[in-house]
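Asks: Below is target30.cif; it holds mmCIF, C-alpha atoms.
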```
data_entry
loop_
_atom_site.group_PDB
_atom_site.id
_atom_site.type_symbol
_atom_site.label_atom_id
_atom_site.label_comp_id
_atom_site.auth_asym_id
_atom_site.auth_seq_id
_atom_site.Cartn_x
_atom_site.Cartn_y
_atom_site.Cartn_z
ATOM 1 C CA MET A 1 -101.750 -321.517 36.397
ATOM 2 C CA GLN A 2 -98.292 -322.042 37.629
ATOM 3 C CA GLY A 3 -96.868 -318.757 36.581
ATOM 4 C CA PRO A 4 -94.005 -317.972 34.272
ATOM 5 C CA PRO A 5 -90.927 -320.211 34.208
ATOM 6 C CA ARG A 6 -88.288 -319.180 36.760
ATOM 7 C CA GLU A 7 -85.781 -318.126 34.159
ATOM 8 C CA LEU A 8 -88.365 -316.082 32.273
ATOM 9 C CA ASP A 9 -89.607 -314.699 35.551
ATOM 10 C CA GLU A 10 -86.156 -313.377 36.342
ATOM 11 C CA LEU A 11 -85.979 -311.763 32.925
ATOM 12 C CA LEU A 12 -89.320 -310.100 33.435
ATOM 13 C CA ARG A 13 -88.275 -308.772 36.817
ATOM 14 C CA ALA A 14 -85.115 -307.348 35.272
ATOM 15 C CA LEU A 15 -87.304 -305.549 32.700
ATOM 16 C CA THR A 16 -89.556 -304.075 35.351
ATOM 17 C CA ARG A 17 -86.522 -302.923 37.314
ATOM 18 C CA GLY A 18 -85.322 -301.092 34.286
ATOM 19 C CA ASP A 19 -82.009 -302.903 34.316
ATOM 20 C CA PRO A 20 -80.981 -303.042 30.656
ATOM 21 C CA SER A 21 -77.813 -305.012 31.298
ATOM 22 C CA ALA A 22 -79.782 -307.992 32.501
ATOM 23 C CA VAL A 23 -81.730 -308.494 29.262
ATOM 24 C CA SER A 24 -80.174 -309.156 25.892
ATOM 25 C CA ASP A 25 -81.911 -308.796 22.558
ATOM 26 C CA GLU A 26 -82.163 -312.542 22.366
ATOM 27 C CA ASP A 27 -83.847 -312.650 25.722
ATOM 28 C CA LEU A 28 -86.293 -309.992 24.667
ATOM 29 C CA ALA A 29 -87.221 -312.033 21.648
ATOM 30 C CA ARG A 30 -87.844 -315.024 23.872
ATOM 31 C CA ILE A 31 -90.022 -312.927 26.189
ATOM 32 C CA GLU A 32 -92.107 -311.634 23.318
ATOM 33 C CA ALA A 33 -92.603 -315.143 21.969
ATOM 34 C CA ALA A 34 -93.627 -316.367 25.405
ATOM 35 C CA LEU A 35 -96.125 -313.551 25.866
ATOM 36 C CA GLU A 36 -97.663 -314.227 22.460
ATOM 37 C CA ALA A 37 -97.940 -317.936 23.125
ATOM 38 C CA ASP A 38 -99.513 -317.690 26.575
ATOM 39 C CA PRO A 39 -102.134 -314.931 27.170
ATOM 40 C CA GLY A 40 -102.293 -315.951 30.783
ATOM 41 C CA LEU A 41 -98.634 -314.984 31.112
ATOM 42 C CA THR A 42 -99.476 -311.428 30.075
ATOM 43 C CA ALA A 43 -102.113 -311.257 32.785
ATOM 44 C CA ALA A 44 -99.710 -312.636 35.351
ATOM 45 C CA LEU A 45 -97.074 -310.111 34.315
ATOM 46 C CA ALA A 46 -99.546 -307.273 34.728
ATOM 47 C CA ALA A 47 -100.340 -308.494 38.201
ATOM 48 C CA GLU A 48 -96.698 -308.291 39.224
ATOM 49 C CA PRO A 49 -95.820 -305.168 41.277
ATOM 50 C CA ALA A 50 -94.085 -302.479 39.171
ATOM 51 C CA GLY A 51 -90.322 -302.138 39.573
ATOM 52 C CA VAL A 52 -88.740 -298.991 40.878
ATOM 53 C CA GLY A 53 -86.761 -298.285 37.696
ATOM 54 C CA ASP A 54 -83.069 -297.461 37.874
ATOM 55 C CA PRO A 55 -81.360 -299.409 40.631
ATOM 56 C CA LEU A 56 -79.351 -296.312 41.686
ATOM 57 C CA VAL A 57 -82.499 -294.274 42.055
ATOM 58 C CA ALA A 58 -84.034 -297.115 43.925
ATOM 59 C CA ALA A 59 -81.070 -297.227 46.261
ATOM 60 C CA VAL A 60 -81.127 -293.456 46.886
ATOM 61 C CA GLY A 61 -84.835 -293.340 47.249
ATOM 62 C CA GLY A 62 -84.560 -295.800 50.005
ATOM 63 C CA THR A 63 -82.379 -293.456 52.099
ATOM 64 C CA THR A 64 -83.580 -289.906 51.129
ATOM 65 C CA PRO A 65 -86.853 -288.674 52.624
ATOM 66 C CA THR A 66 -89.389 -287.272 50.197
ATOM 67 C CA PRO A 67 -90.337 -283.597 50.566
ATOM 68 C CA THR A 68 -93.265 -282.737 52.768
ATOM 69 C CA ALA A 69 -96.299 -280.902 51.488
ATOM 70 C CA GLU A 70 -95.083 -277.673 53.112
ATOM 71 C CA GLU A 71 -91.712 -277.989 51.435
ATOM 72 C CA TRP A 72 -93.320 -278.546 48.039
ATOM 73 C CA ALA A 73 -95.496 -275.482 48.591
ATOM 74 C CA ARG A 74 -92.448 -273.341 49.416
ATOM 75 C CA VAL A 75 -90.619 -274.549 46.320
ATOM 76 C CA TRP A 76 -93.578 -273.728 44.072
ATOM 77 C CA ASP A 77 -93.934 -270.297 45.673
ATOM 78 C CA ASN A 78 -90.307 -269.494 44.893
ATOM 79 C CA ILE A 79 -90.733 -270.662 41.324
ATOM 80 C CA SER A 80 -93.841 -268.515 40.929
ATOM 81 C CA ALA A 81 -92.063 -265.422 42.284
ATOM 82 C CA GLY A 82 -89.154 -265.889 39.898
ATOM 83 C CA THR A 83 -91.506 -266.366 36.971
ATOM 84 C CA ALA A 84 -93.392 -263.194 37.856
ATOM 85 C CA ALA A 85 -90.172 -261.185 37.927
ATOM 86 C CA ALA A 86 -89.129 -262.532 34.557
ATOM 87 C CA MET A 87 -92.562 -261.739 33.177
ATOM 88 C CA ARG A 88 -92.360 -258.056 34.286
ATOM 89 C CA PRO A 89 -93.785 -255.783 31.585
ATOM 90 C CA ALA A 90 -91.272 -254.362 29.072
ATOM 91 C CA VAL A 91 -92.211 -250.838 30.033
ATOM 92 C CA ALA A 92 -91.336 -251.429 33.675
ATOM 93 C CA ARG A 93 -87.989 -252.911 32.648
ATOM 94 C CA ARG A 94 -87.167 -249.880 30.435
ATOM 95 C CA ALA A 95 -88.156 -247.501 33.223
ATOM 96 C CA SER A 96 -85.818 -249.313 35.563
ATOM 97 C CA VAL A 97 -82.974 -248.915 33.056
ATOM 98 C CA TRP A 98 -83.508 -245.144 32.819
ATOM 99 C CA LEU A 99 -83.648 -244.848 36.600
ATOM 100 C CA ARG A 100 -80.252 -246.494 36.810
ATOM 101 C CA LEU A 101 -78.915 -244.205 34.080
ATOM 102 C CA ARG A 102 -80.101 -240.918 35.531
ATOM 103 C CA VAL A 103 -77.167 -240.380 37.887
ATOM 104 C CA PRO A 104 -74.365 -241.072 35.374
ATOM 105 C CA LEU A 105 -76.164 -239.091 32.658
ATOM 106 C CA ALA A 106 -76.617 -236.127 34.954
ATOM 107 C CA ALA A 107 -72.967 -236.286 35.936
ATOM 108 C CA ALA A 108 -71.874 -236.467 32.305
ATOM 109 C CA ALA A 109 -74.082 -233.505 31.383
ATOM 110 C CA ALA A 110 -72.711 -231.429 34.257
ATOM 111 C CA VAL A 111 -69.134 -232.195 33.283
ATOM 112 C CA LEU A 112 -69.737 -231.301 29.658
ATOM 113 C CA LEU A 113 -71.486 -228.057 30.503
ATOM 114 C CA ALA A 114 -68.600 -227.134 32.751
ATOM 115 C CA ILE A 115 -66.136 -227.887 29.968
ATOM 116 C CA GLY A 116 -68.141 -225.858 27.469
ATOM 117 C CA THR A 117 -68.430 -222.936 29.847
ATOM 118 C CA TRP A 118 -64.713 -223.040 30.625
ATOM 119 C CA TRP A 119 -63.860 -223.212 26.916
ATOM 120 C CA ASN A 120 -66.020 -220.199 26.109
ATOM 121 C CA TRP A 121 -64.614 -218.382 29.110
ATOM 122 C CA GLU A 122 -61.043 -219.082 28.062
ATOM 123 C CA ARG A 123 -61.777 -218.095 24.493
ATOM 124 C CA ARG A 124 -63.197 -214.814 25.661
ATOM 125 C CA GLY A 125 -60.354 -214.337 28.097
ATOM 126 C CA GLY A 126 -62.675 -214.060 31.020
ATOM 127 C CA ASP A 127 -63.479 -210.561 32.214
ATOM 128 C CA ALA A 128 -60.011 -209.146 31.686
ATOM 129 C CA TRP A 129 -59.112 -207.289 28.479
ATOM 130 C CA GLU A 130 -55.384 -207.235 27.940
ATOM 131 C CA ILE A 131 -54.545 -203.983 26.125
ATOM 132 C CA ARG A 132 -52.528 -205.082 23.120
ATOM 133 C CA LEU A 133 -52.503 -203.252 19.794
ATOM 134 C CA ALA A 134 -53.481 -205.098 16.636
ATOM 135 C CA ALA A 135 -50.602 -205.528 14.200
ATOM 136 C CA ASP A 136 -52.353 -207.503 11.465
ATOM 137 C CA VAL A 137 -54.930 -204.888 10.438
ATOM 138 C CA GLU A 138 -57.033 -204.716 7.303
ATOM 139 C CA ILE A 139 -58.600 -201.315 6.640
ATOM 140 C CA ASP A 140 -61.821 -201.820 4.711
ATOM 141 C CA ASP A 141 -63.148 -198.247 4.619
ATOM 142 C CA ILE A 142 -62.502 -194.736 5.951
ATOM 143 C CA ASP A 143 -65.032 -191.900 5.818
ATOM 144 C CA MET A 144 -64.385 -188.674 7.680
ATOM 145 C CA GLN A 145 -65.711 -185.165 7.887
ATOM 146 C CA ASP A 146 -65.061 -182.909 4.942
ATOM 147 C CA SER A 147 -62.862 -180.705 7.109
ATOM 148 C CA THR A 148 -60.424 -183.491 7.862
ATOM 149 C CA THR A 149 -58.070 -185.676 5.896
ATOM 150 C CA PRO A 150 -57.752 -189.303 6.962
ATOM 151 C CA VAL A 151 -54.200 -190.472 7.432
ATOM 152 C CA VAL A 152 -53.053 -193.997 8.225
ATOM 153 C CA ILE A 153 -49.870 -193.917 10.271
ATOM 154 C CA ARG A 154 -47.937 -197.138 10.867
ATOM 155 C CA LEU A 155 -46.274 -196.942 14.237
ATOM 156 C CA ARG A 156 -43.519 -199.401 13.279
ATOM 157 C CA PRO A 157 -42.754 -201.766 10.383
ATOM 158 C CA ASP A 158 -45.291 -204.585 10.333
ATOM 159 C CA GLY A 159 -46.713 -203.077 13.483
ATOM 160 C CA PRO A 160 -49.951 -201.436 14.550
ATOM 161 C CA VAL A 161 -51.472 -198.494 12.690
ATOM 162 C CA VAL A 162 -53.387 -195.413 13.778
ATOM 163 C CA ILE A 163 -56.211 -193.971 11.699
ATOM 164 C CA TRP A 164 -55.790 -190.257 12.221
ATOM 165 C CA ALA A 165 -58.189 -187.425 11.396
ATOM 166 C CA LEU A 166 -55.842 -184.675 10.267
ATOM 167 C CA ALA A 167 -57.525 -181.326 10.427
ATOM 168 C CA ASP A 168 -57.266 -179.273 7.276
ATOM 169 C CA MET A 169 -54.993 -176.346 7.832
ATOM 170 C CA ALA A 170 -56.803 -174.117 5.351
ATOM 171 C CA GLY A 171 -59.731 -172.072 6.566
ATOM 172 C CA MET B 1 -77.140 -254.199 28.321
ATOM 173 C CA ARG B 2 -74.143 -252.282 29.661
ATOM 174 C CA HIS B 3 -72.763 -251.646 26.180
ATOM 175 C CA TRP B 4 -75.829 -249.829 24.898
ATOM 176 C CA GLN B 5 -76.093 -247.779 28.077
ATOM 177 C CA THR B 6 -72.492 -246.665 27.674
ATOM 178 C CA GLY B 7 -73.084 -245.897 24.025
ATOM 179 C CA LEU B 8 -76.176 -243.861 24.797
ATOM 180 C CA ALA B 9 -74.328 -241.832 27.397
ATOM 181 C CA ALA B 10 -71.505 -241.218 24.927
ATOM 182 C CA VAL B 11 -73.945 -240.070 22.219
ATOM 183 C CA LEU B 12 -75.620 -237.654 24.610
ATOM 184 C CA ALA B 13 -72.258 -236.352 25.757
ATOM 185 C CA MET B 14 -71.137 -235.676 22.201
ATOM 186 C CA ALA B 15 -74.404 -233.962 21.395
ATOM 187 C CA LEU B 16 -74.075 -231.635 24.371
ATOM 188 C CA LEU B 17 -70.458 -230.899 23.576
ATOM 189 C CA SER B 18 -71.250 -230.178 19.936
ATOM 190 C CA ALA B 19 -74.027 -227.822 20.927
ATOM 191 C CA SER B 20 -71.691 -225.952 23.218
ATOM 192 C CA PHE B 21 -69.003 -225.510 20.606
ATOM 193 C CA GLY B 22 -71.514 -224.995 17.818
ATOM 194 C CA GLN B 23 -72.991 -222.001 19.523
ATOM 195 C CA ALA B 24 -69.549 -220.463 19.745
ATOM 196 C CA GLN B 25 -68.911 -221.148 16.066
ATOM 197 C CA ASP B 26 -72.219 -219.813 14.687
ATOM 198 C CA THR B 27 -71.033 -216.428 13.375
ATOM 199 C CA SER B 28 -74.464 -215.365 12.223
ATOM 200 C CA LYS B 29 -75.876 -215.286 15.713
ATOM 201 C CA ARG B 30 -72.954 -214.743 18.044
ATOM 202 C CA LYS B 31 -72.592 -211.504 19.981
ATOM 203 C CA THR B 32 -69.342 -209.595 19.911
ATOM 204 C CA ASP B 33 -67.924 -208.332 23.180
ATOM 205 C CA ILE B 34 -66.594 -204.831 22.670
ATOM 206 C CA GLN B 35 -64.326 -202.590 24.680
ATOM 207 C CA VAL B 36 -63.721 -198.922 24.016
ATOM 208 C CA LEU B 37 -60.918 -196.875 25.584
ATOM 209 C CA ALA B 38 -61.170 -193.071 25.476
ATOM 210 C CA ILE B 39 -57.698 -191.505 25.766
ATOM 211 C CA ARG B 40 -56.616 -187.919 26.199
ATOM 212 C CA ALA B 41 -53.281 -187.372 24.449
ATOM 213 C CA THR B 42 -51.417 -184.265 25.530
ATOM 214 C CA ASN B 43 -48.059 -182.650 25.463
ATOM 215 C CA LYS B 44 -48.778 -180.599 28.572
ATOM 216 C CA ASN B 45 -47.643 -183.280 31.005
ATOM 217 C CA THR B 46 -45.924 -186.634 31.117
ATOM 218 C CA GLU B 47 -48.554 -188.555 33.033
ATOM 219 C CA ILE B 48 -49.313 -191.934 31.515
ATOM 220 C CA SER B 49 -52.111 -194.135 32.833
ATOM 221 C CA PRO B 50 -50.673 -197.533 33.792
ATOM 222 C CA GLU B 51 -53.014 -199.388 31.438
ATOM 223 C CA LEU B 52 -51.770 -197.376 28.493
ATOM 224 C CA LYS B 53 -48.071 -198.015 28.800
ATOM 225 C CA GLU B 54 -47.798 -200.096 25.634
ATOM 226 C CA ILE B 55 -49.987 -197.698 23.645
ATOM 227 C CA ALA B 56 -47.978 -194.731 24.878
ATOM 228 C CA ASP B 57 -44.692 -196.358 23.924
ATOM 229 C CA GLU B 58 -46.003 -196.998 20.406
ATOM 230 C CA LEU B 59 -47.569 -193.563 19.911
ATOM 231 C CA LYS B 60 -44.455 -191.717 21.053
ATOM 232 C CA LYS B 61 -42.604 -193.147 18.049
ATOM 233 C CA GLN B 62 -44.741 -191.125 15.643
ATOM 234 C CA PHE B 63 -46.406 -188.397 17.697
ATOM 235 C CA LYS B 64 -45.092 -185.689 19.965
ATOM 236 C CA PHE B 65 -47.483 -186.422 22.774
ATOM 237 C CA THR B 66 -45.935 -186.884 26.207
ATOM 238 C CA GLY B 67 -48.917 -187.706 28.363
ATOM 239 C CA PHE B 68 -51.679 -190.252 27.834
ATOM 240 C CA LYS B 69 -54.621 -190.438 30.211
ATOM 241 C CA LEU B 70 -57.309 -193.117 30.198
ATOM 242 C CA GLU B 71 -60.429 -190.969 30.558
ATOM 243 C CA LYS B 72 -62.945 -193.803 30.204
ATOM 244 C CA ARG B 73 -63.171 -197.527 29.624
ATOM 245 C CA ALA B 74 -66.507 -198.918 28.375
ATOM 246 C CA THR B 75 -67.429 -202.551 27.797
ATOM 247 C CA GLY B 76 -70.494 -203.957 26.099
ATOM 248 C CA SER B 77 -71.663 -206.321 23.414
ATOM 249 C CA ALA B 78 -73.533 -206.192 20.159
ATOM 250 C CA GLY B 79 -74.727 -208.524 17.478
ATOM 251 C CA ILE B 80 -73.741 -208.360 13.829
ATOM 252 C CA ASP B 81 -74.785 -204.992 12.331
ATOM 253 C CA GLU B 82 -75.906 -203.776 15.748
ATOM 254 C CA ALA B 83 -74.241 -200.656 17.169
ATOM 255 C CA PHE B 84 -72.717 -200.455 20.626
ATOM 256 C CA LYS B 85 -72.859 -196.793 21.671
ATOM 257 C CA THR B 86 -70.981 -195.227 24.517
ATOM 258 C CA PRO B 87 -70.379 -191.620 25.536
ATOM 259 C CA LEU B 88 -66.732 -190.700 25.874
ATOM 260 C CA PHE B 89 -66.052 -187.278 27.369
ATOM 261 C CA GLU B 90 -66.502 -183.621 26.416
ATOM 262 C CA GLY B 91 -69.594 -184.573 24.391
ATOM 263 C CA TRP B 92 -67.865 -187.078 22.189
ATOM 264 C CA GLU B 93 -69.489 -190.434 21.512
ATOM 265 C CA ALA B 94 -68.219 -193.680 20.029
ATOM 266 C CA ARG B 95 -70.281 -196.187 18.094
ATOM 267 C CA VAL B 96 -68.912 -199.641 17.316
ATOM 268 C CA THR B 97 -70.756 -201.983 14.971
ATOM 269 C CA PRO B 98 -69.558 -205.571 14.457
ATOM 270 C CA LYS B 99 -69.777 -206.517 10.786
ATOM 271 C CA GLU B 100 -68.210 -209.964 10.906
ATOM 272 C CA ASN B 101 -66.893 -212.201 13.657
ATOM 273 C CA ASP B 102 -65.299 -215.613 13.167
ATOM 274 C CA THR B 103 -63.136 -217.518 15.577
ATOM 275 C CA LYS B 104 -59.992 -215.500 14.821
ATOM 276 C CA ARG B 105 -60.806 -212.035 13.454
ATOM 277 C CA VAL B 106 -63.515 -209.448 13.769
ATOM 278 C CA LYS B 107 -64.587 -206.650 11.432
ATOM 279 C CA LEU B 108 -65.658 -203.505 13.245
ATOM 280 C CA GLN B 109 -67.036 -200.210 12.049
ATOM 281 C CA ILE B 110 -65.772 -197.500 14.399
ATOM 282 C CA GLU B 111 -67.502 -194.108 14.446
ATOM 283 C CA ILE B 112 -66.494 -191.088 16.513
ATOM 284 C CA ALA B 113 -68.855 -188.143 16.599
ATOM 285 C CA LYS B 114 -69.725 -185.085 18.629
ATOM 286 C CA GLY B 115 -73.309 -183.956 18.782
ATOM 287 C CA THR B 116 -75.005 -184.069 15.441
ATOM 288 C CA ASP B 117 -71.838 -183.696 13.383
ATOM 289 C CA LYS B 118 -71.062 -186.256 10.754
ATOM 290 C CA PRO B 119 -69.032 -188.977 12.420
ATOM 291 C CA ASP B 120 -65.491 -189.926 11.513
ATOM 292 C CA SER B 121 -65.792 -193.552 10.490
ATOM 293 C CA ALA B 122 -63.416 -196.389 9.747
ATOM 294 C CA THR B 123 -64.061 -200.079 9.147
ATOM 295 C CA VAL B 124 -61.248 -202.419 10.076
ATOM 296 C CA THR B 125 -60.629 -206.126 10.459
ATOM 297 C CA VAL B 126 -58.427 -207.058 13.381
ATOM 298 C CA PRO B 127 -57.546 -210.133 15.416
ATOM 299 C CA LEU B 128 -59.956 -210.933 18.211
ATOM 300 C CA GLY B 129 -59.229 -209.008 21.385
ATOM 301 C CA LYS B 130 -56.606 -206.694 19.832
ATOM 302 C CA PHE B 131 -57.095 -202.932 19.916
ATOM 303 C CA GLN B 132 -57.284 -200.620 16.917
ATOM 304 C CA LEU B 133 -56.435 -196.913 17.377
ATOM 305 C CA MET B 134 -58.391 -194.072 15.796
ATOM 306 C CA GLY B 135 -58.076 -190.446 16.741
ATOM 307 C CA GLY B 136 -57.007 -186.926 16.029
ATOM 308 C CA GLN B 137 -60.250 -185.203 17.028
ATOM 309 C CA LYS B 138 -59.455 -181.968 18.848
ATOM 310 C CA LEU B 139 -60.465 -181.530 22.462
ATOM 311 C CA GLU B 140 -61.351 -178.267 24.180
ATOM 312 C CA ASN B 141 -57.902 -177.469 25.556
ATOM 313 C CA GLY B 142 -55.996 -178.437 22.482
ATOM 314 C CA ASP B 143 -55.395 -182.019 23.522
ATOM 315 C CA SER B 144 -56.320 -184.802 21.127
ATOM 316 C CA LEU B 145 -58.801 -187.610 21.437
ATOM 317 C CA ILE B 146 -57.643 -191.150 20.722
ATOM 318 C CA VAL B 147 -60.062 -194.052 20.813
ATOM 319 C CA ALA B 148 -58.893 -197.654 21.115
ATOM 320 C CA VAL B 149 -61.447 -200.312 20.163
ATOM 321 C CA ALA B 150 -61.353 -204.095 20.390
ATOM 322 C CA GLY B 151 -63.874 -206.882 19.804
ATOM 323 C CA ARG B 152 -63.938 -210.582 20.573
#
```
Rewrite the structure from the file as structure tokens, please.
Replies:
Amino acid sequence: MQGPPRELDELLRALTRGDPSAVSDEDLARIEAALEADPGLTAALAAEPAGVGDPLVAAVGGTTPTPTAEEWARVWDNISAGTAAAMRPAVARRASVWLRLRVPLAAAAAVLLAIGTWWNWERRGGDAWEIRLAADVEIDDIDMQDSTTPVVIRLRPDGPVVIWALADMAG
Amino acid sequence: MRHWQTGLAAVLAMALLSASFGQAQDTSKRKTDIQVLAIRATNKNTEISPELKEIADELKKQFKFTGFKLEKRATGSAGIDEAFKTPLFEGWEARVTPKENDTKRVKLQIEIAKGTDKPDSATVTVPLGKFQLMGGQKLENGDSLIVAVAGR
């Protein structure tokens, strides 16, 4: 067998190279018709060495060394380690979150307790009692000994009052 | 992730703050701090204890007393309807019972008694921390007892 015609041969080589620009639809139709007409051509085509695909890749592959076995092993180890970290159990991830939160939460709690303590302290006026008489007084009840008469004495208008046990003068 | 952490911290902060203020606002459980001043009012001298200057100035407007001596100052606390008892002097005793206590005013029952005698009692509502005067009980040398009571 002589082999495929030169023109068809060039088309076939363009196909195996993966160069789409070299083969038009019309050419593809011609190649299909040729393959159908001549079974020996199919066998010859199969015997041809496979192309290297994209011409750019082919060009780069010619200048860039392929990784060694050790390099491939290191790459796969790194991928495995990253996958393991991503696959960490949900419980471990939540625990890590709480560990990171403990310091700011403790600080916030301490600040709030200090504020609450200060507020209560201020409200109570601390330890000091300033001696000031009450002016706005409501007297709900007075009950004194039978020998005394209760008297409410206002010290000044709209001012403080004194609840006084006035001793009976009789007897 | 950061947003929910911040939110959680804010929620916890508000809860703690609310608890702190809530305890102060719960009138059914809060304790009332009480102070009792036992005063000897006399017209035998003109000595006035420094702490009693304002009281003395007020009392002189209505009474003929010239001297006011702070014989005792007692501080304590009591819950609602619980009595704070303190001895005064010359056998007199004061009992102060908080009846109500909100954030602004306090109702106090003030009792002054000697021995087993029936106490002189008055129930008043006053602003927190302000003193109410009650007195007139006769002391051994003719002086008069005045008790000043405050709660907060």
Asks: On this structure, the PyMOL selection byres ((chain B) within 6 of (chain A)) would catch which residues? List them as a ChimeraX atom specification, sorted by chain and number.
Replies: /B:20,120-126,130-136
Asks: Restricting the calculation to all atoms listed in the file: of B:Asp33, B:Ala113, B:Glu51, B:Gly129, which residue gets closest to B:Ser77?
Replies: B:Asp33
Asks: Quick one: pull the distance between atom CA of B:Leu128 and atom CA of B:Phe84, Å, one decimal.
Replies: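 These atoms are spaced 16.7 Å apart.
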Asks: Could you list, as a PyMOL selection string, every residue within 10 Å of B:Lys64, counting all atoms listed in the file and ignoring same-chain residues fewer than 4 positions away?
Replies: chain B and resi 41-43+59-60
Asks: Output the residue selection produced by the PyMOL selection byres ((chain B and resi 93) around 12) on the file above, formatted as number ranges by chain.
Replies: B: 36-38, 72, 74, 84-92, 94-96, 110-120, 137, 145-147
Asks: Find, counting only C-alpha atoms, the residue in B:Val106, B:Ile55, B:Met14, B:Val149 that gets nearest to B:Arg30.
Replies: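 Comparing B:Val106, B:Ile55, B:Met14, B:Val149 against B:Arg30, the winner is B:Val106.
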Asks: Please compute the atom CA of B:Asp143-atom CA of B:Arg40 distance, one decimal, in Å.
Replies: 6.6 Å
Asks: Interatomic distance between atom CA of B:Thr97 and atom CA of B:Ile80?
Replies: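 Distance between the two atoms: 7.1 Å.
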Asks: May I have the centre and edge lengths, in Å to one decimal, of an axis-aligned box around the listed atoms of stretch 55-62 of chain B with 8 Å added to every side, as AutoDock Vina command-line options?
Replies:
```
--center_x -46.3 --center_y -194.4 --center_z 20.3 --size_x 23.4 --size_y 22.6 --size_z 25.2
```
Asks: Can you work out which one of A:Asp168, A:Glu26, A:Glu71, A:Glu10 has the shortest atom-to-atom distance to A:Ser147, counting all atoms listed in the file?
Replies: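 Of the candidates, the smallest distance to A:Ser147 is held by A:Asp168.
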Asks: If I put a ball of radius 12 Å at (-69.9, -211.5, 18.3) in the file's coordinates, which residues poke into it when counting only C-alpha atoms, written as a PyMOL selection string?
Replies: (chain A and resi 124) or (chain B and resi 23-34+76-84+96-108+128-129+150-152)
Asks: Write out, as a CSV table (one decimal), keeping the file's coordinate frame, the residues just selected, with C-alpha atoms.
Replies:
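Printed below is selection-v6.csv as written:
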```
chain,number,residue,atom,x,y,z
A,124,ARG,CA,-63.2,-214.8,25.7
B,23,GLN,CA,-73.0,-222.0,19.5
B,24,ALA,CA,-69.5,-220.5,19.7
B,25,GLN,CA,-68.9,-221.1,16.1
B,26,ASP,CA,-72.2,-219.8,14.7
B,27,THR,CA,-71.0,-216.4,13.4
B,28,SER,CA,-74.5,-215.4,12.2
B,29,LYS,CA,-75.9,-215.3,15.7
B,30,ARG,CA,-73.0,-214.7,18.0
B,31,LYS,CA,-72.6,-211.5,20.0
B,32,THR,CA,-69.3,-209.6,19.9
B,33,ASP,CA,-67.9,-208.3,23.2
B,34,ILE,CA,-66.6,-204.8,22.7
B,76,GLY,CA,-70.5,-204.0,26.1
B,77,SER,CA,-71.7,-206.3,23.4
B,78,ALA,CA,-73.5,-206.2,20.2
B,79,GLY,CA,-74.7,-208.5,17.5
B,80,ILE,CA,-73.7,-208.4,13.8
B,81,ASP,CA,-74.8,-205.0,12.3
B,82,GLU,CA,-75.9,-203.8,15.7
B,83,ALA,CA,-74.2,-200.7,17.2
B,84,PHE,CA,-72.7,-200.5,20.6
B,96,VAL,CA,-68.9,-199.6,17.3
B,97,THR,CA,-70.8,-202.0,15.0
B,98,PRO,CA,-69.6,-205.6,14.5
B,99,LYS,CA,-69.8,-206.5,10.8
B,100,GLU,CA,-68.2,-210.0,10.9
B,101,ASN,CA,-66.9,-212.2,13.7
B,102,ASP,CA,-65.3,-215.6,13.2
B,103,THR,CA,-63.1,-217.5,15.6
B,104,LYS,CA,-60.0,-215.5,14.8
B,105,ARG,CA,-60.8,-212.0,13.5
B,106,VAL,CA,-63.5,-209.4,13.8
B,107,LYS,CA,-64.6,-206.6,11.4
B,108,LEU,CA,-65.7,-203.5,13.2
B,128,LEU,CA,-60.0,-210.9,18.2
B,129,GLY,CA,-59.2,-209.0,21.4
B,150,ALA,CA,-61.4,-204.1,20.4
B,151,GLY,CA,-63.9,-206.9,19.8
B,152,ARG,CA,-63.9,-210.6,20.6
```
Asks: Taking the file above as input, evaluate the PyMOL selection byres ((chain B and resi 67) around 9) and report the hits as a ChimeraX atom specification.
Replies: /B:40-49,56,65-66,68-69
